>>> print(open('structure28.txt').read())   # compact mmCIF, C-alpha atoms
# COMPACT_ATOMS: atom_id res chain seq x y z
CA MET A 5 0.00 0.00 0.00
CA ILE A 6 1.15 3.53 -0.77
CA GLN A 7 0.19 6.32 1.63
CA VAL A 8 -0.26 9.84 0.28
CA ASN A 9 -0.28 12.92 2.49
CA ALA A 10 -2.41 15.63 0.87
CA ILE A 11 -3.25 17.50 4.08
CA GLY A 12 -3.34 21.22 3.37
CA ASP A 13 -3.30 20.71 -0.41
CA ALA A 14 -5.88 22.51 -2.53
CA CYS A 15 -7.57 20.98 -5.58
CA PRO A 16 -6.25 19.49 -7.84
CA ILE A 17 -3.14 18.54 -5.83
CA PRO A 18 -4.73 15.63 -3.83
CA VAL A 19 -5.94 14.06 -7.11
CA VAL A 20 -2.57 14.64 -8.80
CA LYS A 21 -0.63 13.12 -5.89
CA THR A 22 -2.98 10.13 -5.78
CA LYS A 23 -2.70 9.52 -9.52
CA ASN A 24 1.09 9.64 -9.26
CA ALA A 25 0.93 7.06 -6.45
CA ILE A 26 -1.30 4.81 -8.56
CA LYS A 27 1.21 5.04 -11.39
CA GLU A 28 3.94 4.05 -8.92
CA LEU A 29 1.94 0.92 -8.06
CA ASN A 30 2.43 -0.17 -11.66
CA GLY A 31 -0.41 -2.69 -11.30
CA PRO A 32 -2.99 -3.79 -8.73
CA GLY A 33 -2.65 -2.38 -5.23
CA VAL A 34 -3.97 0.07 -2.66
CA VAL A 35 -3.40 3.80 -2.30
CA GLU A 36 -4.51 5.61 0.86
CA THR A 37 -4.75 9.41 0.66
CA ALA A 38 -5.09 11.68 3.69
CA VAL A 39 -6.94 14.97 3.03
CA ASP A 40 -8.44 17.71 5.17
CA ASN A 41 -11.67 18.64 3.39
CA GLU A 42 -14.80 16.99 1.95
CA ILE A 43 -14.35 18.55 -1.49
CA ALA A 44 -11.07 16.66 -1.86
CA VAL A 45 -12.86 13.46 -0.76
CA GLN A 46 -15.51 14.05 -3.44
CA ASN A 47 -12.91 14.72 -6.13
CA LEU A 48 -10.93 11.59 -5.25
CA THR A 49 -14.10 9.48 -5.10
CA LYS A 50 -15.25 10.79 -8.49
CA MET A 51 -11.85 10.09 -10.03
CA ALA A 52 -11.87 6.53 -8.61
CA ASN A 53 -15.38 5.86 -9.93
CA GLN A 54 -14.43 7.15 -13.37
CA LYS A 55 -11.36 4.92 -13.45
CA GLY A 56 -13.14 1.85 -12.07
CA TYR A 57 -11.09 1.69 -8.85
CA GLY A 58 -12.64 0.47 -5.61
CA VAL A 59 -12.98 3.41 -3.23
CA LYS A 60 -14.00 4.04 0.35
CA SER A 61 -13.65 7.10 2.51
CA GLU A 62 -13.88 7.78 6.21
CA LYS A 63 -13.70 10.79 8.47
CA VAL A 64 -11.00 9.92 10.99
CA ALA A 65 -11.08 13.19 12.94
CA GLU A 66 -12.34 16.75 12.62
CA GLY A 67 -10.92 18.01 9.31
CA ARG A 68 -9.14 14.71 8.61
CA TYR A 69 -10.32 12.19 6.01
CA LEU A 70 -8.81 9.00 4.57
CA VAL A 71 -9.67 7.94 1.02
CA THR A 72 -8.62 4.39 0.16
CA MET A 73 -8.49 3.30 -3.48
CA THR A 74 -8.08 -0.29 -4.58
CA VAL A 75 -6.68 -0.66 -8.07
CA GLY A 76 -7.59 -3.94 -9.75
CA GLU A 77 -6.23 -5.73 -12.80
CA ALA A 78 -8.86 -4.35 -15.17
CA ALA A 79 -8.75 -0.71 -13.99
CA SER A 80 -7.67 1.91 -16.51
CA ALA A 81 -4.38 3.71 -16.03
CA PRO A 82 -4.52 7.32 -14.77
CA GLU A 83 -3.95 10.12 -17.24
CA GLU A 84 -1.01 12.46 -17.04
CA PRO A 85 -1.34 14.51 -13.85
CA GLU A 86 -0.92 17.83 -15.62
CA GLN A 87 -4.27 17.20 -17.37
CA GLU A 88 -6.06 17.06 -14.03
CA THR A 89 -8.70 19.62 -13.14
CA CYS A 90 -11.00 20.10 -10.17
CA LEU A 91 -14.12 18.04 -10.75
CA VAL A 92 -15.88 19.46 -7.72
CA THR A 93 -15.20 22.89 -6.29
CA PRO A 94 -16.79 24.54 -3.27
CA GLU A 95 -18.52 26.95 -5.65
CA SER A 96 -20.03 24.24 -7.86
CA ALA A 97 -21.12 22.10 -4.94
CA ALA A 98 -22.72 24.69 -2.75
CA ALA A 99 -23.43 28.00 -4.44
CA ARG A 100 -25.38 27.14 -7.58
CA LYS A 101 -29.14 27.21 -7.39
CA ASN A 102 -29.95 24.15 -9.48
CA VAL A 103 -33.63 23.20 -9.52
CA VAL A 104 -35.15 19.91 -10.65
CA ALA A 105 -38.78 20.28 -11.73
CA ILE A 106 -40.79 17.05 -11.83
CA SER A 107 -44.23 17.40 -13.39
CA SER A 108 -45.16 13.76 -13.89
CA ALA A 109 -44.78 10.40 -12.19
CA ARG A 110 -43.36 9.18 -15.49
CA MET A 111 -40.27 10.19 -17.40
CA GLY A 112 -40.86 10.86 -21.07
CA ILE A 113 -43.74 10.08 -23.36
CA GLY A 114 -44.46 6.56 -24.56
CA ASN A 115 -45.01 3.43 -22.49
CA ASP A 116 -46.32 4.29 -19.00
CA ASP A 117 -44.70 1.31 -17.25
CA LEU A 118 -41.34 2.18 -18.76
CA GLY A 119 -41.89 5.85 -17.89
CA GLY A 120 -42.44 4.92 -14.23
CA VAL A 121 -39.29 2.81 -14.16
CA LEU A 122 -37.31 5.64 -15.77
CA MET A 123 -38.55 8.21 -13.25
CA LYS A 124 -37.62 5.95 -10.32
CA GLY A 125 -34.21 5.50 -11.94
CA PHE A 126 -33.83 9.24 -12.47
CA ILE A 127 -34.51 10.05 -8.81
CA PHE A 128 -32.13 7.30 -7.65
CA ALA A 129 -29.38 8.55 -9.98
CA LEU A 130 -30.02 12.11 -8.77
CA SER A 131 -29.45 10.95 -5.19
CA GLN A 132 -26.08 9.49 -6.22
CA GLN A 133 -24.66 12.69 -7.74
CA ASP A 134 -21.71 14.47 -6.15
CA GLU A 135 -23.36 17.81 -6.85
CA LEU A 136 -26.94 17.76 -5.60
CA PRO A 137 -29.64 20.23 -6.68
CA LYS A 138 -30.65 22.98 -4.28
CA THR A 139 -34.37 22.30 -4.78
CA ILE A 140 -36.66 19.65 -6.24
CA LEU A 141 -40.14 20.81 -7.21
CA PHE A 142 -43.02 18.35 -7.62
CA TYR A 143 -46.24 19.37 -9.32
CA ASN A 144 -49.21 17.86 -11.18
CA GLY A 145 -48.61 14.08 -11.55
CA GLY A 146 -45.16 14.53 -10.01
CA ALA A 147 -46.85 15.39 -6.69
CA THR A 148 -47.55 11.69 -6.15
CA ILE A 149 -43.81 10.91 -5.89
CA PRO A 150 -42.98 12.41 -2.46
CA CYS A 151 -46.05 10.76 -0.91
CA GLN A 152 -46.50 7.66 1.23
CA GLU A 153 -45.93 4.30 -0.50
CA SER A 154 -43.94 5.92 -3.30
CA PRO A 155 -41.03 3.72 -4.44
CA SER A 156 -38.82 6.83 -4.52
CA LEU A 157 -39.44 7.85 -0.93
CA GLU A 158 -36.16 6.42 0.40
CA ASP A 159 -34.15 8.31 -2.24
CA LEU A 160 -36.01 11.56 -1.55
CA LYS A 161 -35.47 11.23 2.21
CA SER A 162 -31.77 10.69 1.54
CA LEU A 163 -31.69 13.84 -0.62
CA ALA A 164 -33.55 15.83 2.04
CA ALA A 165 -31.11 14.60 4.70
CA GLN A 166 -28.27 15.95 2.56
CA GLY A 167 -29.85 19.39 2.49
CA VAL A 168 -31.89 19.31 -0.71
CA GLU A 169 -35.10 21.34 -0.43
CA ILE A 170 -38.10 19.26 -1.52
CA LEU A 171 -41.25 21.22 -2.33
CA THR A 172 -44.58 19.87 -3.52
CA CYS A 173 -47.47 21.82 -5.01
CA GLY A 174 -50.31 22.04 -2.45
CA THR A 175 -52.98 22.52 -5.10
CA CYS A 176 -51.83 19.30 -6.76
CA LEU A 177 -51.80 17.31 -3.50
CA ASN A 178 -55.34 18.53 -2.86
CA TYR A 179 -56.48 17.61 -6.37
CA TYR A 180 -55.13 14.07 -6.09
CA GLY A 181 -56.43 13.62 -2.51
CA LEU A 182 -52.89 13.31 -1.18
CA THR A 183 -52.73 16.27 1.21
CA ASP A 184 -52.36 13.97 4.22
CA LYS A 185 -49.99 11.60 2.43
CA LEU A 186 -47.00 13.87 1.85
CA ALA A 187 -44.07 11.98 3.40
CA VAL A 188 -41.03 14.14 2.67
CA GLY A 189 -40.39 17.87 2.25
CA GLU A 190 -42.79 20.77 2.46
CA VAL A 191 -45.96 21.96 0.73
CA THR A 192 -45.55 24.99 -1.50
CA ASN A 193 -47.67 27.26 -3.70
CA MET A 194 -47.49 28.62 -7.23
CA TYR A 195 -45.79 31.89 -6.17
CA ASN A 196 -42.95 29.98 -4.59
CA ILE A 197 -42.73 27.58 -7.57
CA VAL A 198 -42.46 30.55 -9.94
CA GLU A 199 -39.85 32.20 -7.69
CA LYS A 200 -37.72 29.04 -7.53
CA LEU A 201 -37.89 28.53 -11.29
CA THR A 202 -37.20 32.15 -12.25
CA GLN A 203 -34.30 32.51 -9.80
CA ALA A 204 -32.66 29.16 -10.65
CA ASP A 205 -29.20 28.98 -12.23
CA LEU A 206 -30.20 25.76 -13.95
CA ILE A 207 -33.56 23.97 -14.32
CA VAL A 208 -33.56 20.23 -14.96
CA LYS A 209 -36.85 18.79 -16.18
CA PRO A 210 -36.79 15.01 -16.75
CA MET B 2 -21.72 12.71 2.06
CA ARG B 3 -23.85 9.70 1.22
CA LYS B 4 -22.82 6.36 2.69
CA ARG B 5 -21.76 3.60 0.30
CA GLU B 6 -22.61 -0.03 1.05
CA PRO B 7 -21.48 -3.27 -0.58
CA ARG B 8 -24.12 -4.30 -3.13
CA VAL B 9 -24.78 -7.07 -5.58
CA ILE B 10 -25.87 -5.95 -9.03
CA LEU B 11 -27.69 -8.20 -11.49
CA SER B 12 -27.62 -6.91 -15.04
CA PHE B 13 -29.96 -8.09 -17.78
CA PRO B 14 -29.72 -8.27 -21.55
CA ALA B 15 -32.96 -6.31 -22.01
CA THR B 16 -34.91 -3.63 -20.09
CA VAL B 17 -38.02 -5.86 -20.06
CA ASP B 18 -36.04 -8.53 -18.16
CA ALA B 19 -35.09 -5.97 -15.51
CA MET B 20 -38.73 -4.85 -15.26
CA SER B 21 -39.83 -8.50 -14.94
CA MET B 22 -37.33 -8.91 -12.09
CA GLU B 23 -39.00 -5.99 -10.33
CA SER B 24 -42.48 -7.49 -10.75
CA TYR B 25 -41.32 -10.94 -9.61
CA SER B 26 -39.49 -9.51 -6.62
CA ALA B 27 -42.50 -7.47 -5.51
CA ALA B 28 -44.70 -10.55 -5.67
CA HIS B 29 -42.23 -12.87 -3.91
CA GLY B 30 -40.63 -10.57 -1.35
CA VAL B 31 -37.20 -10.64 -2.99
CA PRO B 32 -34.90 -7.96 -1.52
CA GLY B 33 -33.49 -5.14 -3.63
CA ARG B 34 -34.62 -2.55 -6.11
CA LEU B 35 -34.37 -1.52 -9.74
CA ILE B 36 -31.73 1.15 -10.46
CA PRO B 37 -29.99 2.49 -13.58
CA LEU B 38 -26.94 0.37 -14.45
CA PRO B 39 -23.91 2.02 -12.73
CA THR B 40 -21.42 3.46 -15.20
CA ALA B 41 -18.63 1.58 -13.39
CA ILE B 42 -20.18 -1.62 -14.80
CA SER B 43 -21.06 -0.33 -18.23
CA ALA B 44 -21.18 3.00 -20.00
CA GLY B 45 -24.25 1.69 -21.82
CA CYS B 46 -27.87 2.32 -20.94
CA GLY B 47 -29.96 -0.07 -18.92
CA MET B 48 -31.61 -0.95 -15.65
CA CYS B 49 -30.35 -3.51 -13.14
CA TRP B 50 -31.35 -5.14 -9.87
CA CYS B 51 -29.46 -3.87 -6.84
CA ALA B 52 -29.53 -5.54 -3.41
CA PRO B 53 -27.38 -5.74 -0.28
CA ILE B 54 -24.42 -8.05 -0.82
CA THR B 55 -25.77 -10.37 1.90
CA ASP B 56 -28.78 -11.12 -0.34
CA ARG B 57 -26.71 -12.22 -3.34
CA GLU B 58 -27.84 -15.86 -3.18
CA ALA B 59 -31.50 -14.91 -2.77
CA VAL B 60 -31.58 -12.56 -5.76
CA GLU B 61 -29.66 -14.94 -8.02
CA ARG B 62 -32.08 -17.71 -7.07
CA ALA B 63 -35.06 -15.42 -7.71
CA ALA B 64 -33.82 -14.55 -11.18
CA ARG B 65 -33.39 -18.25 -11.96
CA ASP B 66 -36.84 -19.12 -10.55
CA ALA B 67 -38.40 -16.33 -12.59
CA GLY B 68 -36.76 -17.72 -15.71
CA LEU B 69 -34.98 -14.46 -16.42
CA ARG B 70 -31.85 -14.04 -18.48
CA VAL B 71 -29.04 -12.47 -16.43
CA SER B 72 -26.12 -10.98 -18.30
CA GLY B 73 -23.89 -10.33 -15.31
CA VAL B 74 -23.55 -10.45 -11.52
CA HIS B 75 -21.36 -7.75 -10.00
CA GLU B 76 -20.31 -6.71 -6.53
CA MET B 77 -19.56 -3.06 -5.82
CA MET B 78 -19.83 -0.26 -3.30
CA LEU B 79 -22.93 1.80 -4.00
>>> encode(input="structure28.txt", output="structure tokens")
Amino acid sequence: MIQVNAIGDACPIPVVKTKNAIKELNGPGVVETAVDNEIAVQNLTKMANQKGYGVKSEKVAEGRYLVTMTVGEAASAPEEPEQETCLVTPESAAARKNVVAISSARMGIGNDDLGGVLMKGFIFALSQQDELPKTILFYNGGATIPCQESPSLEDLKSLAAQGVEILTCGTCLNYYGLTDKLAVGEVTNMYNIVEKLTQADLIVKP
Amino acid sequence: MRKREPRVILSFPATVDAMSMESYSAAHGVPGRLIPLPTAISAGCGMCWCAPITDREAVERAARDAGLRVSGVHEMML
């Protein structure tokens, strides 16, 4: 195992140092990188996922994290370190007001069963992103998704626990008889929906 | 940061097979859920069955019992 000390290093240095260590392995092995911030953990995790390395991270103390990468036989070799850029920056992760607007329980037009599967898949994949949206809006048929017995409830609760604002149209809940069934997030109204959409940096509509 | 757990992933040659796995699992209490195929397994498009690693035997048996074609069984942190 190679240990890398990237404490105090700003992006992209932790990724560059780790890639250099992986090159030193010259084959399968383990590289353990010590960093002092979550952004570095996210960048290292993203790099490992892109390259197909096994990766786990743990917070070992306040401001101290260990990221362990396991390089297998089939993993791709790292690129030249000078090509490295920051995949996640504090600005991209926290400051942008990205809004996801979900207006249907189905994703796309065509087969309804497939559309339901795709929407469940979309919300799961959303919960797995390194950069999460600031807000998710649910309206019309989409208002059924954050309600009791929804297959996406676990993913939405995970997103809410990570700080994502989940807002559902109250008029829509009332129309569908779901006012008492909302299981995650808050009820909102059209003024707030318009405000969120018009003030968003990016709107994603699956 | 979200917590990653060891998972077993069953991939299928066709989307309808993955959807059939979901229907069969709901009817027979098979653990797991349908998710988009992780890009670490394939850059292609598709759905797969994801379950805790401890349920690997149960989900493989369920796929066999349901008569479904499985194109791959993978273990990964997810």
>>> interface_residues(input="structure28.txt", of="chain B", to="chain A", cutoff="10 Å", atoms="only C-alpha atoms", output="MDAnalysis selection string")
chainID B and resid 2:6 16:17 19:20 23 34:42 47:49 77:79
>>> closest_residue(input="structure28.txt", among="A:Glu199, A:Glu28, A:Pro210, A:Leu186", to="Gly120 in chain A", atoms="only C-alpha atoms")
A:Pro210
>>> closest_residue(input="structure28.txt", among="A:Ala187, A:Ile170, A:Val39, A:Leu160", to="Glu66 in chain A", atoms="all atoms listed in the file")
A:Val39
>>> atom_distance(input="structure28.txt", atom1="CA of Arg68 in chain A", atom2="CA of Val8 in chain A")
13.1 Å
>>> residues_around(input="structure28.txt", residues="Ile197 in chain A", least_positions_apart="4", cutoff="8 Å", atoms="only C-alpha atoms", output="ChimeraX atom specification")
/A:141,173,192-193,201
>>> residues_around(input="structure28.txt", residues="range 183-185 of chain A", least_positions_apart="5", cutoff="12 Å", atoms="only C-alpha atoms", output="list in words")
Ala147, Thr148, Ile149, Pro150, Cys151, Gln152, Glu153, Ser154, Leu157, Thr172, Cys173, Gly174, Thr175, Cys176, Leu177, Asn178, Glu190, Val191 and Thr192 of chain A
>>> closest_residue(input="structure28.txt", among="B:Trp50, B:Arg8, B:Val31, B:Asp56", to="Val71 in chain B", atoms="all atoms listed in the file")
B:Trp50
>>> residues_around(input="structure28.txt", residues="Gly146 in chain A", least_positions_apart="2", cutoff="6 Å", atoms="only C-alpha atoms", output="compact mmCIF listing (two decimals) with C-alpha atoms, in the coordinates of the input")
# COMPACT_ATOMS: atom_id res chain seq x y z
CA ILE A 106 -40.79 17.05 -11.83
CA SER A 107 -44.23 17.40 -13.39
CA SER A 108 -45.16 13.76 -13.89
CA ALA A 109 -44.78 10.40 -12.19
CA PHE A 142 -43.02 18.35 -7.62
CA TYR A 143 -46.24 19.37 -9.32
CA ASN A 144 -49.21 17.86 -11.18
CA THR A 148 -47.55 11.69 -6.15
CA ILE A 149 -43.81 10.91 -5.89
>>> atom_distance(input="structure28.txt", atom1="CA of Gly30 in chain B", atom2="CA of Arg57 in chain B")
14.2 Å
>>> residues_around(input="structure28.txt", residues="Thr37 in chain A", least_positions_apart="3", cutoff="8 Å", atoms="only C-alpha atoms", output="VMD selection string")
chain A and resid 7 to 10 18 22 70 to 72
>>> write_last_selection(input="structure28.txt", atoms="C-alpha atoms", output="PDB file, in the coordinates of the input")
ATOM      1  CA  GLN A   7       0.190   6.320   1.630  1.00  0.00           C
ATOM      2  CA  VAL A   8      -0.260   9.840   0.280  1.00  0.00           C
ATOM      3  CA  ASN A   9      -0.280  12.920   2.490  1.00  0.00           C
ATOM      4  CA  ALA A  10      -2.410  15.630   0.870  1.00  0.00           C
ATOM      5  CA  PRO A  18      -4.730  15.630  -3.830  1.00  0.00           C
ATOM      6  CA  THR A  22      -2.980  10.130  -5.780  1.00  0.00           C
ATOM      7  CA  LEU A  70      -8.810   9.000   4.570  1.00  0.00           C
ATOM      8  CA  VAL A  71      -9.670   7.940   1.020  1.00  0.00           C
ATOM      9  CA  THR A  72      -8.620   4.390   0.160  1.00  0.00           C
TER      10      THR A  72
END
>>> closest_residue(input="structure28.txt", among="B:Cys46, B:Leu69, B:Ala63, B:Val74", to="Ala28 in chain B", atoms="only C-alpha atoms")
B:Ala63
>>> closest_residue(input="structure28.txt", among="B:Gly73, B:Gly68, B:Ala27, B:Pro7", to="Pro53 in chain B", atoms="all atoms listed in the file")
B:Pro7
>>> closest_residue(input="structure28.txt", among="B:Asp18, B:Arg70, B:Gly33, B:Ser26", to="Ile54 in chain B", atoms="all atoms listed in the file")
B:Gly33
>>> residues_near_point(input="structure28.txt", point="(-28.0, -4.3, -8.1)", cutoff="6 Å", atoms="only C-alpha atoms", output="number ranges by chain")
B: 9-11, 49-52
>>> atom_distance(input="structure28.txt", atom1="CA of Glu77 in chain A", atom2="CA of Asn30 in chain A")
10.4 Å
>>> residues_near_point(input="structure28.txt", point="(-25.2, -7.6, -20.2)", cutoff="6 Å", atoms="all atoms listed in the file", output="NGL selection string")
:B and (12-14 or 72-73)
